[in-house]
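Since the structure comes first, as structure tokens, the remarks are kept for the end.
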Amino acid sequence: GQQLNQSPQSMFIQEGEDVSMNCTSSSIFNTWLWYKQDPGEGPVLLIALYKAGELTSNGRLTAQFGITRKDSFLNISASIPSDVGIYFCAGPRPISNFGNEKLTFGTGTRLTIIP
Amino acid sequence: NAGVTQTPKFQVLKTGQSMTLQCAQDMNHEYMSWYRQDPGMGLRLIHYSVGAGITDQGEVPNGYNVSRSTTEDFPLRLLSAAPSQTSVYFCASRTLSTDTQYFGPGTRLTVL
């Protein structure tokens, strides 16, 4: 099935550092979504991107929709302890002729902050 | 609003047992879905529903049944549990007009 590849798989950083992660696909997406999952919780939507080349911010988070529409990037500036968690990219794909869509998720990037 | 609720939070089953994972939302969302999350695999769609009485299969539907008799509830049934179904299960909902999907807290299922 459709796969979204995220890298890196895990990151160990110190508080205050900037973080960059990306997501790539073998086919085109018209929407890119970035989710964060805290330990023991369900994912929460951080940023949605709808247009190739679009750059969108949400506080210290910035995400970009790649020009080729096959990739997306998420940056976190000046990381803080509550940034710890797993970050997923996701893209909706049509699954019927009625406009229904399903979300395909990436494999996730696990962020750990070293004291 | 309670959002999306799931019960139970943890469950241990023996191979061959059946059970139902419950999911409810109080946001009047049309779309509801079930995902399973396994290490290194991300979240994979099991079944989804776009409204009461309408369900369809996702990427990994084998071994699971769903029904949607009301807008609020979307239970997931395991008819004969297998060790391969050991996973964390998430229910999610959204309106049909947005991409913002709200996830429940998850059910951690172990099949021995």
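As shown in the structure tokens, the chain order sets the letters A, B, ...; within each chain, residues go from 1, and ligands are also counted from 1 in the order they appear.
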When the cut-off is 6 Å and we count only C-alpha atoms, which residues of chain A are near chain B, given as a VMD selection string?
chain A and resid 41 to 42 105 to 107
- Item | DSSP strand (DSSP E or B) selection over chain B, as an NGL selection string | :B and (4-7 or 10-13 or 19-25 or 31-38 or 42-51 or 54-57 or 64-66 or 73 or 76-78 or 87-94 or 102-103 or 107-111)
**Asked** When you draw a straight line from CA of Phe74 (chain B) to CA of Gly53 (chain B), how long is it in Å?
**Response**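 Taking CA of Phe74 (chain B) as the start and CA of Gly53 (chain B) as the end point, the length is 10.4 Å.
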- Test item: residues at most 10 Å from Leu33 (chain A), only C-alpha atoms, excluding those fewer than 6 positions along its chain, as a list in words: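 Result of the neighbour search: Leu45, Leu46, Ile47, Ala48, Leu49, Tyr50, Ala63, Phe65, Ser72, Phe88, Cys89, Ala90, Gly91, Pro92, Leu103, Thr104 and Phe105 of chain A; Asp99 and Thr100 of chain B.
Taking CA of Leu111 (chain A) as the reference point, CA of Gln14 (chain A) is found at 10.5 Å.
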In Å and to one decimal, CA of Glu101 (chain A) is distant from CA of Ile46 (chain B) by 13.3 Å
- Task: Might you pull out every residue within 7 Å of region 15-26 of chain A, with only C-alpha atoms counted and same-chain residues fewer than 6 positions away left off, and present them as an MDAnalysis selection string?
- Result: chainID A and resid 3:8 70:81 89 113:115
Q | Residue neighbourhood region 70-72 of chain B, 6 Å, only C-alpha atoms, exclusion window fewer than 3 positions, as an MDAnalysis selection string | A | chainID B and resid 24:25 52
Could you write out the selected residues, including C-alpha atoms, as an mmCIF file, in the first residue's frame?
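The resulting file, result08.cif, is shown below:
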```cif
data_model
loop_
_atom_site.group_PDB
_atom_site.id
_atom_site.type_symbol
_atom_site.label_atom_id
_atom_site.label_comp_id
_atom_site.auth_asym_id
_atom_site.auth_seq_id
_atom_site.Cartn_x
_atom_site.Cartn_y
_atom_site.Cartn_z
ATOM 1 C CA ALA B 24 -18.082 7.267 21.024
ATOM 2 C CA GLN B 25 -17.956 10.927 20.022
ATOM 3 C CA ALA B 52 -24.896 6.023 10.331
#
```
